[in-house]
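Peer 1: Attaching a single structure in structure tokens format; questions to follow.
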Amino acid sequence: MKKLIFVFLILILGGCTSQKAYTDFDYSFARSGGRIPMYENLLITGNNVHYSFEGQGKDIKKNFTISTKVLRNIEHTLAENNFTRIQEDYKKIYDNVAVEINIKKGKNAGNKSDASLIMPKDQARWDEIVSAFQEVIDRNIKTES
């Protein structure tokens, strides 16, 4: 009985630590939703990156590192485009693929999503920020056909 309890405790502790990659990050870029649901996550902690994609018949999980130059580029893009000043629209949109960006580090700390769209005056700045994260994905993840 003691062995069974010990095994059960190990399983619980193992399950709790496996979710740490999804909560302990400096920068988070997530894309999800759509008529055919897909889930994409890019989590950056320091120079370490955890990427996952699920949908369209694919299941990709990859860990890699990025240079300090790439991190500076992301931070510069956030600052240059006034990330914290971007306004979200409040219209409801369903079956749309939404992007959510969550920043926990630096002057640009905040959370924004285009799930209900971005105000038209801020759309170009939002697109620049999304492009900075998409560039990291495109450079480091080889898409499988």
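Labels for the structure tokens follow display order: chains A, B, ..., residues from 1 in each chain, ligands from 1.
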Would you give me, as a PyMOL selection string, the residues in range 1-131 of chain A that DSSP reads as alpha helix (DSSP H)?

Peer 2: chain A and resi 2-18+68-80+123-131

Peer 1: Could you please write out, as a ChimeraX atom specification, every residue of chain A that DSSP assigns to strand (DSSP E)?

Peer 2: /A:27-33,38-45,48-55,58-65,97-103,110-113

Peer 1: Go ahead and write the selection's residues with N, CA and C atoms as a compact mmCIF listing (two decimals), in the first residue's frame.

Peer 2:
```
# COMPACT_ATOMS: atom_id res chain seq x y z
N TYR A 27 8.09 35.92 -22.44
CA TYR A 27 7.30 36.32 -23.60
C TYR A 27 6.48 35.11 -24.05
N SER A 28 5.23 35.35 -24.38
CA SER A 28 4.37 34.28 -24.85
C SER A 28 3.61 34.75 -26.09
N PHE A 29 3.63 33.93 -27.12
CA PHE A 29 2.88 34.18 -28.35
C PHE A 29 2.03 32.95 -28.58
N ALA A 30 0.72 33.12 -28.65
CA ALA A 30 -0.17 31.98 -28.84
C ALA A 30 -1.18 32.30 -29.94
N ARG A 31 -1.40 31.32 -30.78
CA ARG A 31 -2.40 31.43 -31.84
C ARG A 31 -3.31 30.22 -31.70
N SER A 32 -4.62 30.46 -31.65
CA SER A 32 -5.54 29.32 -31.47
C SER A 32 -6.91 29.64 -32.04
N GLY A 33 -7.67 28.57 -32.25
CA GLY A 33 -9.06 28.72 -32.69
C GLY A 33 -9.24 28.36 -34.14
N MET A 38 -6.82 24.89 -34.14
CA MET A 38 -5.38 24.69 -34.06
C MET A 38 -4.87 25.47 -32.85
N TYR A 39 -3.77 24.99 -32.30
CA TYR A 39 -3.19 25.60 -31.10
C TYR A 39 -1.69 25.71 -31.32
N GLU A 40 -1.17 26.93 -31.25
CA GLU A 40 0.25 27.18 -31.45
C GLU A 40 0.74 28.04 -30.30
N ASN A 41 1.84 27.64 -29.69
CA ASN A 41 2.40 28.39 -28.56
C ASN A 41 3.90 28.56 -28.75
N LEU A 42 4.37 29.77 -28.49
CA LEU A 42 5.80 30.08 -28.48
C LEU A 42 6.06 30.74 -27.14
N LEU A 43 6.83 30.08 -26.30
CA LEU A 43 7.11 30.59 -24.96
C LEU A 43 8.61 30.83 -24.83
N ILE A 44 9.00 32.03 -24.46
CA ILE A 44 10.40 32.39 -24.35
C ILE A 44 10.73 32.72 -22.91
N THR A 45 11.74 32.04 -22.38
CA THR A 45 12.26 32.31 -21.04
C THR A 45 13.76 32.48 -21.18
N ASN A 48 15.88 30.57 -23.86
CA ASN A 48 15.28 29.26 -24.12
C ASN A 48 13.85 29.43 -24.63
N VAL A 49 13.52 28.63 -25.64
CA VAL A 49 12.21 28.72 -26.27
C VAL A 49 11.55 27.35 -26.29
N HIS A 50 10.27 27.34 -25.96
CA HIS A 50 9.45 26.12 -26.08
C HIS A 50 8.38 26.43 -27.11
N TYR A 51 8.30 25.60 -28.15
CA TYR A 51 7.32 25.78 -29.21
C TYR A 51 6.45 24.54 -29.30
N SER A 52 5.15 24.74 -29.46
CA SER A 52 4.26 23.61 -29.69
C SER A 52 3.18 24.02 -30.68
N PHE A 53 2.79 23.05 -31.49
CA PHE A 53 1.74 23.25 -32.48
C PHE A 53 0.92 21.98 -32.53
N GLU A 54 -0.40 22.16 -32.48
CA GLU A 54 -1.31 21.02 -32.57
C GLU A 54 -2.48 21.42 -33.45
N GLY A 55 -2.70 20.65 -34.51
CA GLY A 55 -3.80 20.92 -35.43
C GLY A 55 -3.37 20.63 -36.85
N LYS A 58 -1.06 17.83 -37.50
CA LYS A 58 0.32 17.92 -37.03
C LYS A 58 0.34 18.04 -35.51
N ASP A 59 1.40 17.53 -34.92
CA ASP A 59 1.64 17.68 -33.49
C ASP A 59 3.14 17.89 -33.32
N ILE A 60 3.56 19.15 -33.15
CA ILE A 60 4.97 19.50 -33.10
C ILE A 60 5.27 20.06 -31.72
N LYS A 61 6.34 19.59 -31.14
CA LYS A 61 6.86 20.14 -29.89
C LYS A 61 8.36 20.26 -30.07
N LYS A 62 8.91 21.45 -29.81
CA LYS A 62 10.33 21.66 -30.02
C LYS A 62 10.86 22.67 -29.02
N ASN A 63 12.04 22.39 -28.48
CA ASN A 63 12.74 23.31 -27.61
C ASN A 63 14.01 23.75 -28.34
N PHE A 64 14.32 25.05 -28.28
CA PHE A 64 15.52 25.56 -28.92
C PHE A 64 15.94 26.84 -28.21
N THR A 65 17.08 27.38 -28.59
CA THR A 65 17.55 28.63 -28.01
C THR A 65 17.62 29.69 -29.10
N VAL A 97 -9.28 32.60 -35.91
CA VAL A 97 -7.99 32.26 -35.32
C VAL A 97 -7.49 33.52 -34.63
N ALA A 98 -7.27 33.43 -33.33
CA ALA A 98 -6.87 34.59 -32.53
C ALA A 98 -5.42 34.48 -32.09
N VAL A 99 -4.78 35.62 -31.99
CA VAL A 99 -3.41 35.71 -31.50
C VAL A 99 -3.45 36.40 -30.14
N GLU A 100 -2.73 35.82 -29.18
CA GLU A 100 -2.60 36.44 -27.86
C GLU A 100 -1.12 36.58 -27.55
N ILE A 101 -0.72 37.76 -27.13
CA ILE A 101 0.67 38.01 -26.76
C ILE A 101 0.67 38.45 -25.30
N ASN A 102 1.51 37.78 -24.50
CA ASN A 102 1.60 38.06 -23.08
C ASN A 102 3.06 38.34 -22.76
N ILE A 103 3.35 39.51 -22.25
CA ILE A 103 4.71 39.92 -21.92
C ILE A 103 4.79 40.09 -20.40
N GLY A 110 2.48 43.23 -20.34
CA GLY A 110 1.05 43.34 -20.56
C GLY A 110 0.54 42.17 -21.36
N ASN A 111 -0.74 42.20 -21.66
CA ASN A 111 -1.39 41.11 -22.37
C ASN A 111 -2.35 41.72 -23.39
N LYS A 112 -2.22 41.29 -24.65
CA LYS A 112 -3.09 41.78 -25.71
C LYS A 112 -3.54 40.60 -26.56
N SER A 113 -4.74 40.72 -27.14
CA SER A 113 -5.27 39.67 -28.00
C SER A 113 -6.10 40.30 -29.10
```

Peer 1: Give me, as a PyMOL selection string, all polymer residues having an atom no more than 12 Å from range 79-89 of chain A, counting only C-alpha atoms and skipping those fewer than 4 positions away in the same chain.

Peer 2: chain A and resi 72-75+93+99-104+106-132

Peer 1: Report, in Å with one decimal, the straight-line distance from CA of Gln56 in chain A to CA of Val136 in chain A.

Peer 2: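 Interatomic distance, CA of Gln56 in chain A to CA of Val136 in chain A: 20.6 Å.
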
Peer 1: Could you jot down the CA of Asp138 in chain A to CA of Ser67 in chain A separation for me, Å, one decimal place?

Peer 2: 14.9 Å

Peer 1: Which residue is closest to Glu135 in chain A? Choose from A:Gly46, A:Arg35, A:Val70, A:Asp24 and count only C-alpha atoms.

Peer 2: A:Val70

Peer 1: Between A:Ile36, A:Phe25, A:Arg139, A:Asn47, single out the one closest to Leu71 in chain A, counting only C-alpha atoms.

Peer 2: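 Closest candidate: A:Asn47.
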
Peer 1: Give me, please, the distance in Å between CA of Asp26 in chain A and CA of Lys105 in chain A, quoted to one decimal.

Peer 2: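 About the pair CA of Asp26 in chain A and CA of Lys105 in chain A: they are 5.3 Å apart.
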